[in-house]
Structure formats: structure tokens, C-alpha cells
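**Q** This is model.txt (compact mmCIF, C-alpha atoms).
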```
# COMPACT_ATOMS: atom_id res chain seq x y z
CA MET A 8 107.53 108.95 119.86
CA LYS A 9 104.09 110.27 120.85
CA LEU A 10 105.24 113.85 120.34
CA GLN A 11 106.49 113.06 116.84
CA ILE A 12 103.16 111.53 115.84
CA LEU A 13 101.20 114.39 117.38
CA LEU A 14 103.28 116.88 115.40
CA VAL A 15 102.66 114.98 112.17
CA LYS A 16 98.98 114.67 112.99
CA SER A 17 98.58 118.33 113.80
CA CYS A 18 100.30 119.21 110.53
CA PHE A 19 98.01 116.81 108.71
CA LEU A 20 94.91 118.51 110.03
CA LEU A 21 95.85 121.88 108.59
CA PRO A 22 93.40 122.50 105.73
CA PHE A 23 95.87 123.72 103.09
CA SER A 24 99.11 122.06 104.12
CA THR A 25 98.71 118.32 104.39
CA ALA A 26 101.27 115.53 104.32
CA GLN A 27 100.02 112.31 102.73
CA LEU A 28 101.47 108.84 102.33
CA HIS A 29 102.49 108.63 98.68
CA ASP A 30 103.86 112.16 98.58
CA ALA A 31 105.82 111.53 101.77
CA ALA A 32 107.12 108.19 100.46
CA LYS A 33 108.30 109.79 97.22
CA SER A 34 110.03 112.59 99.11
CA ALA A 35 111.74 109.95 101.25
CA GLY A 36 113.14 108.29 98.13
CA LEU A 37 110.62 105.47 97.66
CA GLN A 38 108.85 104.89 94.36
CA TYR A 39 105.36 104.61 95.82
CA TYR A 40 103.01 104.08 98.73
CA GLY A 41 100.08 101.94 97.63
CA THR A 42 97.13 99.81 98.60
CA GLU A 43 95.34 96.62 97.66
CA THR A 44 91.79 97.05 96.40
CA GLU A 45 88.99 95.16 94.68
CA SER A 46 85.78 95.85 92.77
CA VAL A 47 83.63 95.25 95.87
CA SER A 48 84.52 98.83 96.84
CA PHE A 49 83.69 100.48 93.50
CA ALA A 50 80.31 101.82 94.65
CA ASP A 51 81.68 103.16 97.94
CA GLN A 52 82.14 106.84 97.15
CA ALA A 53 83.94 107.77 100.38
CA TYR A 54 86.39 104.89 99.99
CA GLN A 55 86.95 105.64 96.31
CA ALA A 56 87.72 109.29 97.05
CA VAL A 57 90.64 108.21 99.22
CA LEU A 58 91.77 105.46 96.85
CA LYS A 59 91.88 107.85 93.89
CA ASN A 60 93.79 110.54 95.79
CA THR A 61 97.25 110.01 94.33
CA SER A 62 98.89 112.08 97.03
CA GLU A 63 97.76 109.27 99.35
CA PHE A 64 98.17 106.19 97.15
CA GLY A 65 100.28 106.10 94.01
CA GLN A 66 100.00 102.35 93.41
CA ILE A 67 97.29 99.69 93.59
CA THR A 68 97.26 95.88 93.71
CA PRO A 69 94.26 93.68 92.87
CA GLY A 70 93.47 91.49 95.87
CA ASN A 71 91.89 88.54 94.04
CA SER A 72 90.92 89.28 90.47
CA MET A 73 94.24 88.29 88.86
CA LYS A 74 94.54 84.96 90.70
CA TRP A 75 94.27 81.69 88.81
CA ASP A 76 90.66 80.82 89.74
CA SER A 77 89.48 84.19 88.45
CA ILE A 78 91.62 84.28 85.30
CA GLU A 79 91.45 80.67 84.05
CA PRO A 80 88.49 78.94 85.75
CA GLN A 81 88.42 76.24 83.05
CA PRO A 82 91.40 74.86 81.13
CA GLY A 83 92.33 77.27 78.40
CA LYS A 84 89.26 79.47 79.05
CA PHE A 85 90.46 82.88 80.20
CA SER A 86 88.38 85.62 81.82
CA PHE A 87 90.10 88.95 82.42
CA THR A 88 87.05 91.01 83.38
CA GLY A 89 87.85 91.46 87.07
CA GLY A 90 91.53 92.11 86.54
CA ASP A 91 90.81 94.51 83.71
CA ALA A 92 88.59 96.57 86.02
CA ILE A 93 91.47 97.11 88.47
CA ALA A 94 93.92 97.77 85.63
CA ALA A 95 91.54 100.38 84.19
CA LEU A 96 91.20 102.01 87.61
CA ALA A 97 94.98 102.31 87.90
CA LYS A 98 95.25 103.73 84.40
CA VAL A 99 92.58 106.41 84.79
CA ASN A 100 94.06 107.46 88.15
CA ASN A 101 97.64 107.39 86.83
CA GLN A 102 98.61 104.91 89.56
CA LEU A 103 101.20 102.16 89.29
CA LEU A 104 99.71 98.68 88.93
CA ARG A 105 101.34 95.84 90.84
CA CYS A 106 99.97 92.60 89.39
CA HIS A 107 99.24 89.72 91.79
CA THR A 108 99.67 86.72 91.49
CA LEU A 109 100.55 84.09 88.87
CA VAL A 110 101.36 80.95 90.89
CA TRP A 111 99.92 80.26 94.36
CA HIS A 112 98.77 77.15 96.17
CA GLN A 113 95.42 78.75 97.07
CA GLN A 114 92.52 80.02 94.94
CA LEU A 115 93.22 77.45 92.27
CA PRO A 116 90.33 76.01 90.23
CA LEU A 117 89.51 72.37 90.87
CA TRP A 118 90.78 71.35 87.44
CA VAL A 119 94.26 72.33 88.65
CA THR A 120 94.16 70.98 92.21
CA ASN A 121 92.38 67.73 91.33
CA GLY A 122 93.86 67.12 87.90
CA THR A 123 95.63 63.93 86.92
CA TRP A 124 99.00 65.39 86.03
CA THR A 125 102.41 64.38 84.87
CA ALA A 126 105.33 66.74 85.29
CA GLU A 127 105.18 67.43 81.57
CA SER A 128 101.43 68.15 81.41
CA LEU A 129 101.37 70.38 84.50
CA THR A 130 104.42 72.27 83.27
CA SER A 131 102.58 72.92 80.02
CA ALA A 132 99.47 74.14 81.86
CA LEU A 133 101.59 76.36 84.11
CA GLN A 134 103.45 77.90 81.19
CA ASN A 135 100.23 78.43 79.25
CA HIS A 136 98.51 80.15 82.16
CA ILE A 137 101.43 82.48 82.83
CA THR A 138 102.04 83.27 79.17
CA ASN A 139 98.41 84.18 78.52
CA GLU A 140 97.97 86.30 81.64
CA VAL A 141 101.27 88.15 81.41
CA ASN A 142 100.74 88.80 77.71
CA HIS A 143 97.27 90.16 78.41
CA TYR A 144 98.59 92.69 80.95
CA LYS A 145 101.85 93.41 79.16
CA GLY A 146 102.73 97.07 79.44
CA GLN A 147 100.19 97.68 82.22
CA CYS A 148 101.98 96.15 85.21
CA PHE A 149 105.17 97.59 86.64
CA ALA A 150 105.72 94.34 88.60
CA TRP A 151 104.34 90.81 88.86
CA ASP A 152 104.25 88.58 91.91
CA VAL A 153 105.24 85.50 89.95
CA VAL A 154 105.35 82.91 92.73
CA ASN A 155 103.53 83.48 96.01
CA GLU A 156 104.12 81.63 99.30
CA ALA A 157 106.14 78.66 98.06
CA LEU A 158 107.62 78.02 101.52
CA ASN A 159 106.49 76.58 104.83
CA ASP A 160 107.37 78.41 108.04
CA ASN A 161 110.33 76.07 108.62
CA GLY A 162 111.81 76.92 105.21
CA THR A 163 110.84 73.72 103.43
CA PHE A 164 108.87 73.84 100.21
CA ARG A 165 105.10 73.94 100.57
CA ASN A 166 103.42 70.74 99.39
CA SER A 167 101.43 72.39 96.60
CA VAL A 168 100.25 70.57 93.50
CA PHE A 169 103.10 72.25 91.62
CA PHE A 170 105.76 71.04 94.04
CA ARG A 171 104.31 67.52 94.30
CA VAL A 172 104.19 67.00 90.54
CA ILE A 173 107.04 69.12 89.16
CA GLY A 174 109.32 69.62 92.16
CA GLN A 175 110.99 72.88 93.09
CA ASP A 176 111.81 73.55 89.44
CA TYR A 177 108.25 74.86 89.05
CA ILE A 178 109.54 78.16 90.46
CA LYS A 179 112.21 78.42 87.79
CA ILE A 180 109.71 77.45 85.10
CA ALA A 181 107.27 80.13 86.29
CA PHE A 182 109.85 82.91 86.28
CA GLU A 183 111.15 81.86 82.87
CA ALA A 184 107.63 81.90 81.41
CA ALA A 185 106.86 85.33 82.88
CA ALA A 186 110.12 86.80 81.62
CA ALA A 187 109.53 85.41 78.13
CA ALA A 188 106.03 86.90 78.02
CA ASP A 189 107.08 90.36 79.21
CA PRO A 190 110.84 91.03 79.37
CA ASP A 191 110.31 94.53 80.79
CA VAL A 192 108.08 93.91 83.81
CA LYS A 193 109.72 93.38 87.21
CA LEU A 194 109.39 89.84 88.53
CA TYR A 195 109.00 89.15 92.26
CA TYR A 196 108.93 86.28 94.70
CA ASN A 197 106.36 87.15 97.42
CA ASP A 198 105.87 85.59 100.87
CA PHE A 199 104.99 86.14 104.53
CA GLY A 200 107.10 85.26 107.56
CA THR A 201 110.24 86.22 105.67
CA GLU A 202 110.40 89.69 107.25
CA PHE A 203 112.86 88.68 109.96
CA PRO A 204 115.96 86.46 109.97
CA GLY A 205 115.38 82.73 110.28
CA ALA A 206 114.76 79.54 108.34
CA LYS A 207 112.06 80.95 106.08
CA SER A 208 114.01 84.09 105.23
CA ASN A 209 117.07 81.94 104.50
CA ALA A 210 115.02 79.68 102.24
CA ALA A 211 113.65 82.68 100.32
CA GLN A 212 117.19 83.93 99.86
CA ALA A 213 118.10 80.48 98.55
CA ILE A 214 115.34 80.78 95.93
CA VAL A 215 116.85 84.08 94.76
CA LYS A 216 120.34 82.59 94.65
CA SER A 217 119.13 79.51 92.76
CA LEU A 218 117.33 81.55 90.10
CA LYS A 219 120.25 83.90 89.64
CA ALA A 220 122.71 81.00 89.41
CA ALA A 221 120.56 79.53 86.64
CA GLY A 222 120.50 82.84 84.79
CA VAL A 223 116.76 83.28 85.38
CA LYS A 224 115.37 86.80 85.73
CA ILE A 225 114.20 87.78 89.23
CA ASP A 226 114.03 91.46 90.11
CA GLY A 227 112.62 91.60 93.59
CA VAL A 228 111.32 90.00 96.76
CA GLY A 229 108.07 91.07 98.39
CA PHE A 230 107.54 90.94 102.14
CA GLN A 231 103.83 90.61 102.82
CA ALA A 232 104.16 91.98 106.37
CA HIS A 233 100.89 90.66 107.80
CA PHE A 234 101.98 91.54 111.31
CA ILE A 235 100.45 91.29 114.78
CA VAL A 236 100.51 94.24 117.15
CA GLY A 237 103.50 93.87 119.45
CA GLY A 238 104.94 91.06 117.30
CA THR A 239 106.14 93.29 114.48
CA PRO A 240 109.90 93.00 113.85
CA SER A 241 111.82 96.05 115.02
CA LYS A 242 113.05 98.65 112.55
CA ALA A 243 116.63 97.39 112.97
CA THR A 244 115.58 93.77 112.42
CA GLN A 245 113.65 94.62 109.27
CA ILE A 246 116.54 96.68 107.89
CA ALA A 247 119.02 93.88 108.49
CA ASN A 248 116.73 91.28 106.96
CA MET A 249 115.92 93.33 103.87
CA GLY A 250 119.61 94.07 103.46
CA ALA A 251 120.33 90.35 103.25
CA PHE A 252 118.12 90.22 100.14
CA THR A 253 119.30 93.41 98.47
CA ALA A 254 122.87 92.13 98.89
CA LEU A 255 121.87 89.37 96.45
CA GLY A 256 121.15 91.94 93.74
CA VAL A 257 117.36 92.22 94.02
CA GLU A 258 115.13 95.06 95.15
CA VAL A 259 112.61 94.55 97.95
CA ALA A 260 109.16 95.90 98.77
CA ILE A 261 106.62 95.64 101.56
CA THR A 262 103.67 94.27 99.61
CA GLU A 263 100.68 93.47 101.87
CA LEU A 264 101.11 95.42 105.10
CA ASP A 265 98.54 95.25 107.87
CA ILE A 266 99.00 94.97 111.65
CA ARG A 267 96.11 93.23 113.38
CA MET A 268 95.20 93.20 117.05
CA THR A 269 93.09 91.05 119.35
CA LEU A 270 89.72 92.71 119.85
CA PRO A 271 88.42 94.70 121.59
CA SER A 272 90.93 97.44 120.94
CA THR A 273 92.62 99.18 123.87
CA ASP A 274 94.65 102.37 124.17
CA ALA A 275 97.76 100.26 124.76
CA LEU A 276 97.17 98.22 121.59
CA VAL A 277 96.56 101.36 119.52
CA THR A 278 99.77 102.93 120.84
CA GLN A 279 101.77 99.82 120.01
CA GLN A 280 100.17 99.48 116.57
CA THR A 281 101.13 103.08 115.83
CA LYS A 282 104.73 102.33 116.75
CA ASP A 283 104.69 99.19 114.61
CA TYR A 284 103.45 101.07 111.54
CA GLN A 285 106.05 103.76 112.15
CA SER A 286 108.97 101.33 112.46
CA THR A 287 107.95 99.38 109.34
CA SER A 288 107.67 102.52 107.19
CA ALA A 289 110.96 103.82 108.55
CA ALA A 290 112.69 100.48 107.88
CA CYS A 291 111.81 100.58 104.18
CA VAL A 292 112.98 104.18 103.86
CA ALA A 293 116.26 103.31 105.61
CA THR A 294 116.95 100.30 103.35
CA LYS A 295 118.69 100.99 100.07
CA GLY A 296 116.73 99.00 97.52
CA CYS A 297 113.38 99.00 99.33
CA VAL A 298 111.26 100.59 96.63
CA GLY A 299 107.81 100.92 98.14
CA ILE A 300 105.09 99.96 100.60
CA THR A 301 101.64 98.54 99.85
CA VAL A 302 98.99 98.07 102.54
CA TRP A 303 96.52 95.18 102.25
CA ASP A 304 93.66 97.62 101.94
CA PHE A 305 93.67 100.84 103.89
CA ASP A 306 90.17 100.58 105.40
CA ASP A 307 88.91 98.19 108.11
CA LYS A 308 85.61 97.89 106.25
CA TYR A 309 87.23 95.88 103.46
CA SER A 310 89.97 94.14 105.44
CA TRP A 311 90.41 90.39 105.09
CA ILE A 312 91.50 90.07 108.72
CA PRO A 313 88.25 89.51 110.69
CA SER A 314 87.06 86.66 108.46
CA THR A 315 90.47 84.99 108.36
CA PHE A 316 91.56 85.50 111.98
CA PRO A 317 88.37 85.52 114.09
CA GLY A 318 88.60 87.67 117.19
CA THR A 319 91.13 90.01 115.61
CA GLY A 320 90.85 93.10 113.44
CA ASP A 321 91.42 96.86 113.31
CA GLY A 322 94.57 96.13 111.33
CA THR A 323 94.48 98.91 108.75
CA MET A 324 95.12 102.66 108.88
CA PHE A 325 91.55 103.90 108.32
CA ASP A 326 88.42 102.76 110.16
CA GLY A 327 85.23 101.57 108.45
CA SER A 328 83.97 105.12 108.08
CA VAL A 329 87.11 106.15 106.17
CA THR A 330 88.59 108.05 109.10
CA ARG A 331 92.36 108.05 109.61
CA LYS A 332 93.45 106.22 112.74
CA GLU A 333 96.56 106.71 114.86
CA ALA A 334 98.17 103.93 112.78
CA TYR A 335 98.03 106.24 109.76
CA PHE A 336 100.00 108.93 111.54
CA GLY A 337 102.49 106.33 112.72
CA ALA A 338 103.12 105.23 109.15
CA LEU A 339 103.35 108.83 108.00
CA SER A 340 105.74 109.68 110.81
CA GLY A 341 107.99 106.80 109.79
CA LEU A 342 108.19 108.24 106.28
CA VAL A 343 108.61 111.88 107.23
CA GLU A 344 111.09 111.50 110.08
CA SER A 345 113.29 109.20 108.00
CA SER A 346 113.32 111.25 104.79
CA GLY A 347 116.27 113.42 105.83
CA ASN A 348 118.68 110.53 106.39
CA SER A 349 117.30 107.97 103.97
CA THR A 350 119.66 105.77 101.97
CA ASN A 351 116.88 105.88 99.36
CA SER A 352 116.75 109.67 99.47
CA THR A 353 116.18 111.55 96.22
CA GLY A 354 117.66 114.66 97.77
CA GLU A 355 114.34 116.47 97.35
CA THR A 356 112.84 118.66 100.03
CA PHE A 357 109.55 117.37 101.39
CA VAL A 358 106.72 119.74 100.52
CA GLU A 359 103.37 119.08 102.11
CA SER A 360 100.63 118.83 99.52
CA THR A 361 97.03 119.90 99.38
CA PRO A 362 94.90 116.76 99.15
CA THR A 363 91.83 116.02 97.15
CA SER A 364 89.09 116.68 99.66
CA TYR A 365 86.56 114.07 100.70
CA THR A 366 83.96 113.62 103.39
CA PRO A 367 84.09 110.42 105.46
CA SER A 368 81.00 108.25 105.35
CA THR A 369 79.32 106.54 108.29
CA GLY A 370 78.98 103.10 106.74
CA THR A 371 78.76 100.00 108.90
CA ASN A 372 81.62 97.54 109.08
CA THR A 373 81.57 94.53 106.81
CA THR A 374 84.27 92.01 106.03
CA TYR A 375 85.95 91.30 102.73
```
Have the structure of the file written as C-alpha cells, please.
**A**
Amino acid sequence: MKLQILLVKSCFLLPFSTAQLHDAAKSAGLQYYGTETESVSFADQAYQAVLKNTSEFGQITPGNSMKWDSIEPQPGKFSFTGGDAIAALAKVNNQLLRCHTLVWHQQLPLWVTNGTWTAESLTSALQNHITNEVNHYKGQCFAWDVVNEALNDNGTFRNSVFFRVIGQDYIKIAFEAAAAADPDVKLYYNDFGTEFPGAKSNAAQAIVKSLKAAGVKIDGVGFQAHFIVGGTPSKATQIANMGAFTALGVEVAITELDIRMTLPSTDALVTQQTKDYQSTSAACVATKGCVGITVWDFDDKYSWIPSTFPGTGDGTMFDGSVTRKEAYFGALSGLVESSGNSTNSTGETFVESTPTSYTPSTGTNTTY
């Protein structure tokens, strides 16, 4: 394991022959390797140089700017400025845009969470929100996370305002509205804790089955993969779990990958994190129907982890000065070593590419 990563790393350091994530993912048969980003990083030149290097990242996801509170802060009053900035970034860089997210129990404006609703009135508001947002980004997104985190850890439905007022049919209504607004975009259910077999994974599969039985379009399931070092499901477990979904006739993707550790970091934690990134990348490559991997930002400087899980961090593949960590080479190793026997394989030979050059900065760590 260590030897494999050292070989990949030594290859990476060669000035004119450099393997990078998106190129390696494509050669392994995936459609993309991508990252979440937001406008807070637009002025960070070192960060932007990496983000815009399409040999590294061929896809981007907006972290917050397409969520309900940003898009429709007041009833019927839409503001697309933040989302448009990320969409424009993807377009100018020729990167795929994964749009995120239409329906979630968090980051809702107060008029939604505290409204006096009937099932009919909330259904109308839900349909109006989805129709307007999907229409606005029609032709720009290759996929939408339509419903995000509808389930509790035990597999029951989360007690969101949508579930309380409408019932579980809000999921069907959301997918129907998205499909009507843009018949060509891929529609996903997205969640965390569904990456390994159990009650929550079973419940997510039941959502897929229910939508398909009703004739409602659903194209994929996203596994957020917010893992903890040492608690990451094994490669075999992830393959088996993803296979249970693809057997239902949907594609799958790893949509928000990061692997946090308890701080301070130790050599043992770094070694385990590297293995965890490797096994997760390799699992997607080995799963027919796993189309791509997105990390939930690539740089510790902009990671959501420290502010959300105090005492933890270092969960991404680059440090705050835009320097690749061992985790990066673990992820890359998982792509490269698996490309020869991938069920996703395109049959192409992996050719190491020459990257766009950039100089790491020495910025201080902040949280995002």
C-alpha cells in the first residue's frame, strides 16, 4: 500500500509527466473527478489555479449558492446571482456543473420553515420554487440533487416541514416538478450515511423503488461520503452497497467526499486517511454505474469541517496553502491502480498529463 502511493507520488512530482485526478478518473472509465466550491474563494489566486486546472477537476458543485435561502429568500422573489457566478465559472473552464440542491430541510428561509401551510399551498410553493430554479439553469447543469437528506439515520423520514405538511409524497412531487422543468438533466437523490448496508441505505433504495414504480424519473443516487478516518467503509463494502442501487436501474456517484480526523493530526491518522481515500476512489472505479467523484472542497482552508465538527479537521486532499497531502496520492492511487481492471473502463490507456502550473500560497487557515 505505502509502496503504491510512493510510486504514484514520485511519478506526480516529475515536472513534465504528471498524473492528476480528473485525467486519471476519465482513464479509469469515470465521467469526472470534481470538487465543491463557492465564491468566497474567487480572490484566492493559488486556490483558483488548482480549481481551474481541468486535468485535476473536471466538474464543480456550488456549496450553498443554489440552496433555497439563496435562490428564493422571499416568496416568489428569486435571486440567482450567487448560483450564476458558479455556473459561469464552470462554463468558462469547460467543467461539468452539478447543481445542488432543490429540496433540503436546512438553509430554508423563515417564510418556508415558519409558514402556515396546507398540503396544497406548500405543494404549490415547492413546485414553483423547483420550476423556476430548474428552468433558470436549464441546459447548464448535467445533474440536479433534487431531494437532499430526506432520511434519518434509522431509515425513517426526517421530520422536515415538507414531510410534516405533505407527507412522503413531497419527494415524488419534487422529482416530477424537476423533470417537467428540464427533461434532459439527470435527477438525483442525495444523502449521507447511505454508503454502507443498513436501515438508511435500505430506505434510500425504497425511495428509488417507489419513484420508479410510480413512473417518476430518477436517474441517480448520490453518496455524500462525509467519512471519519478509520470509520470509512471498506472498498468491498462500498462496492456491494453501490451495486444494490445500480441493480435498481440508477447510476450512482460519490458527491461530497471528505474524510475528517480528530486533531491534532498524527502519522497514524494520515496513513489511515490515505488508505481511506484510496479505497473510496477504487470502489467507485470498480462499480459499474458509478459515474464520478466529487470532494467537498479540495482545500482545508475552505473546508466546512472545523466549524461543524469542532476538534476535527484536515479532511481534504490539499492543505490550507494549496499543497497536496498524502490523502491526494491515496485518492490518485485508487484511480490509477484500478483503471486496468475497472468495470467502468473505457479501454483507453492512461497517459499522464502535463498540468497547468501553479505556485502554492502560504495563506493562513480559515474556515468556511
**Q** Quick one: distance from atom CA of A:Val192 to atom CA of A:Leu37 in Å, one decimal?
**A**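 About the pair atom CA of A:Val192 and atom CA of A:Leu37: they are 18.2 Å apart.
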**Q** Which of these residues is nearest to A:Ile261, using all atoms listed in the file: A:Lys84, A:His233, A:Lys59, A:Lys332?
**A** A:His233
**Q** Would you kindly return, as a ChimeraX atom specification, each protein, DNA or RNA residue with an atom no farther than 10 Å from any atom of A:Asn159, considering all atoms listed in the file and excluding same-chain residues fewer than 6 positions away?
**A** /A:165-166,198-200,206-207,210
**Q** Which residue gives the smallest distance to A:Gln66 among A:Val119, A:Cys148, A:Val215, A:Leu109, with all atoms listed in the file counted?
**A**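 Of all the options, A:Cys148 lies closest to A:Gln66.
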**Q** In Å, with one decimal, what is the gap from atom CA of A:Phe87 to atom CA of A:Leu103?
**A**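 Taking atom CA of A:Phe87 as the start and atom CA of A:Leu103 as the end point, the length is 18.6 Å.
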**Q** Have a look at A:Gly146, A:Ser167, A:Leu158, A:Asn135 and name the one nearest to A:Leu115; count only C-alpha atoms.
**A**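 That would be A:Ser167, the residue with the smallest distance to A:Leu115.
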**Q** Report, in Å to a single decimal, how far apart atom CA of A:Leu342 and atom CA of A:Asp30 are.
**A** 9.7 Å
**Q** Could you build a table of the residues in stretch 205-264 of chain A lying no more than 9 Å from stretch 279-303 of chain A, giving for each the nearest pair of atoms and their separation in Å rounded to one decimal place, using all atoms listed in the file, ordered by chain and ascending residue number, as JSON lines?
**A**
```
{"residue": "A:Gln231", "atom": "CA", "partner": "A:Trp303", "partner_atom": "CA", "distance": 8.6}
{"residue": "A:Ala232", "atom": "CA", "partner": "A:Thr287", "partner_atom": "CA", "distance": 8.8}
{"residue": "A:His233", "atom": "CA", "partner": "A:Trp303", "partner_atom": "CA", "distance": 8.4}
{"residue": "A:Phe234", "atom": "CA", "partner": "A:Asp283", "partner_atom": "CA", "distance": 8.8}
{"residue": "A:Ile235", "atom": "CA", "partner": "A:Gln280", "partner_atom": "CA", "distance": 8.4}
{"residue": "A:Val236", "atom": "CA", "partner": "A:Gln280", "partner_atom": "CA", "distance": 5.3}
{"residue": "A:Gly237", "atom": "CA", "partner": "A:Gln279", "partner_atom": "CA", "distance": 6.2}
{"residue": "A:Gly238", "atom": "CA", "partner": "A:Asp283", "partner_atom": "CA", "distance": 8.6}
{"residue": "A:Thr239", "atom": "CA", "partner": "A:Asp283", "partner_atom": "CA", "distance": 6.1}
{"residue": "A:Pro240", "atom": "CA", "partner": "A:Thr287", "partner_atom": "CA", "distance": 8.1}
{"residue": "A:Ser241", "atom": "CA", "partner": "A:Ser286", "partner_atom": "CA", "distance": 6.5}
{"residue": "A:Lys242", "atom": "CA", "partner": "A:Ser286", "partner_atom": "CA", "distance": 4.9}
{"residue": "A:Ala243", "atom": "CA", "partner": "A:Ala290", "partner_atom": "CA", "distance": 7.1}
{"residue": "A:Thr244", "atom": "CA", "partner": "A:Ala290", "partner_atom": "CA", "distance": 8.6}
{"residue": "A:Gln245", "atom": "CA", "partner": "A:Ala290", "partner_atom": "CA", "distance": 6.1}
{"residue": "A:Ile246", "atom": "CA", "partner": "A:Ala290", "partner_atom": "CA", "distance": 5.4}
{"residue": "A:Ala247", "atom": "CA", "partner": "A:Thr294", "partner_atom": "CA", "distance": 8.5}
{"residue": "A:Met249", "atom": "CA", "partner": "A:Thr294", "partner_atom": "CA", "distance": 7.1}
{"residue": "A:Gly250", "atom": "CA", "partner": "A:Thr294", "partner_atom": "CA", "distance": 6.8}
{"residue": "A:Thr253", "atom": "CA", "partner": "A:Gly296", "partner_atom": "CA", "distance": 6.2}
{"residue": "A:Val257", "atom": "CA", "partner": "A:Gly296", "partner_atom": "CA", "distance": 7.7}
{"residue": "A:Glu258", "atom": "CA", "partner": "A:Gly296", "partner_atom": "CA", "distance": 4.9}
{"residue": "A:Val259", "atom": "CA", "partner": "A:Cys297", "partner_atom": "CA", "distance": 4.7}
{"residue": "A:Ala260", "atom": "CA", "partner": "A:Gly299", "partner_atom": "CA", "distance": 5.2}
{"residue": "A:Ile261", "atom": "CA", "partner": "A:Ile300", "partner_atom": "CA", "distance": 4.7}
{"residue": "A:Thr262", "atom": "CA", "partner": "A:Thr301", "partner_atom": "CA", "distance": 4.7}
{"residue": "A:Glu263", "atom": "CA", "partner": "A:Trp303", "partner_atom": "CA", "distance": 4.5}
{"residue": "A:Leu264", "atom": "CA", "partner": "A:Val302", "partner_atom": "CA", "distance": 4.3}
```
**Q** Enumerate, as number ranges by chain, the protein, DNA and RNA residues whose atoms approach (101.1, 95.1, 89.4) to within 8 Å, taking into account only C-alpha atoms and the coordinate frame of the file.
**A** A: 67-69, 103-107, 147-152
**Q** Tell me which protein, DNA and RNA residues are within 10 Å of A:Ala213, counting all atoms listed in the file, leaving out same-chain ones fewer than 6 positions away, and put them as a PyMOL selection string.
**A** chain A and resi 162+207+219+252+255
**Q** Need to verify the contact set: A:Gln114, 8 Å, all atoms listed in the file, exclusion of same-chain residues closer than 5 positions in sequence. Can you return it as a PyMOL selection string?
**A** chain A and resi 74-76
**Q** Could you pull stretch 231-243 of chain A out of the block above and give me N, CA and C atoms, as an mmCIF file, in the first residue's frame?
**A**
```
data_model
loop_
_atom_site.group_PDB
_atom_site.id
_atom_site.type_symbol
_atom_site.label_atom_id
_atom_site.label_comp_id
_atom_site.auth_asym_id
_atom_site.auth_seq_id
_atom_site.Cartn_x
_atom_site.Cartn_y
_atom_site.Cartn_z
ATOM 1 N N GLN A 231 -22.934 11.068 -0.167
ATOM 2 C CA GLN A 231 -22.156 12.226 0.249
ATOM 3 C C GLN A 231 -20.753 11.832 0.710
ATOM 4 N N ALA A 232 -20.635 10.755 1.442
ATOM 5 C CA ALA A 232 -19.325 10.233 1.853
ATOM 6 C C ALA A 232 -18.553 11.221 2.723
ATOM 7 N N HIS A 233 -19.225 11.794 3.716
ATOM 8 C CA HIS A 233 -18.536 12.577 4.745
ATOM 9 C C HIS A 233 -18.039 11.588 5.801
ATOM 10 N N PHE A 234 -16.861 11.045 5.564
ATOM 11 C CA PHE A 234 -16.350 9.949 6.374
ATOM 12 C C PHE A 234 -15.442 10.442 7.498
ATOM 13 N N ILE A 235 -15.163 9.526 8.422
ATOM 14 C CA ILE A 235 -14.223 9.753 9.520
ATOM 15 C C ILE A 235 -13.067 8.783 9.341
ATOM 16 N N VAL A 236 -11.858 9.270 9.528
ATOM 17 C CA VAL A 236 -10.676 8.426 9.383
ATOM 18 C C VAL A 236 -10.819 7.161 10.232
ATOM 19 N N GLY A 237 -10.621 6.035 9.603
ATOM 20 C CA GLY A 237 -10.740 4.751 10.299
ATOM 21 C C GLY A 237 -12.149 4.214 10.336
ATOM 22 N N GLY A 238 -13.153 5.070 10.046
ATOM 23 C CA GLY A 238 -14.544 4.631 10.018
ATOM 24 C C GLY A 238 -15.112 4.569 8.622
ATOM 25 N N THR A 239 -14.251 4.761 7.627
ATOM 26 C CA THR A 239 -14.672 4.704 6.232
ATOM 27 C C THR A 239 -15.010 3.273 5.838
ATOM 28 N N PRO A 240 -16.145 3.030 5.195
ATOM 29 C CA PRO A 240 -16.455 1.666 4.749
ATOM 30 C C PRO A 240 -15.352 1.129 3.838
ATOM 31 N N SER A 241 -15.106 -0.158 3.918
ATOM 32 C CA SER A 241 -14.079 -0.774 3.089
ATOM 33 C C SER A 241 -14.458 -0.685 1.613
ATOM 34 N N LYS A 242 -13.481 -0.898 0.758
ATOM 35 C CA LYS A 242 -13.739 -0.918 -0.677
ATOM 36 C C LYS A 242 -14.817 -1.945 -1.008
ATOM 37 N N ALA A 243 -14.710 -3.149 -0.456
ATOM 38 C CA ALA A 243 -15.680 -4.205 -0.759
ATOM 39 C C ALA A 243 -17.079 -3.821 -0.288
#
```
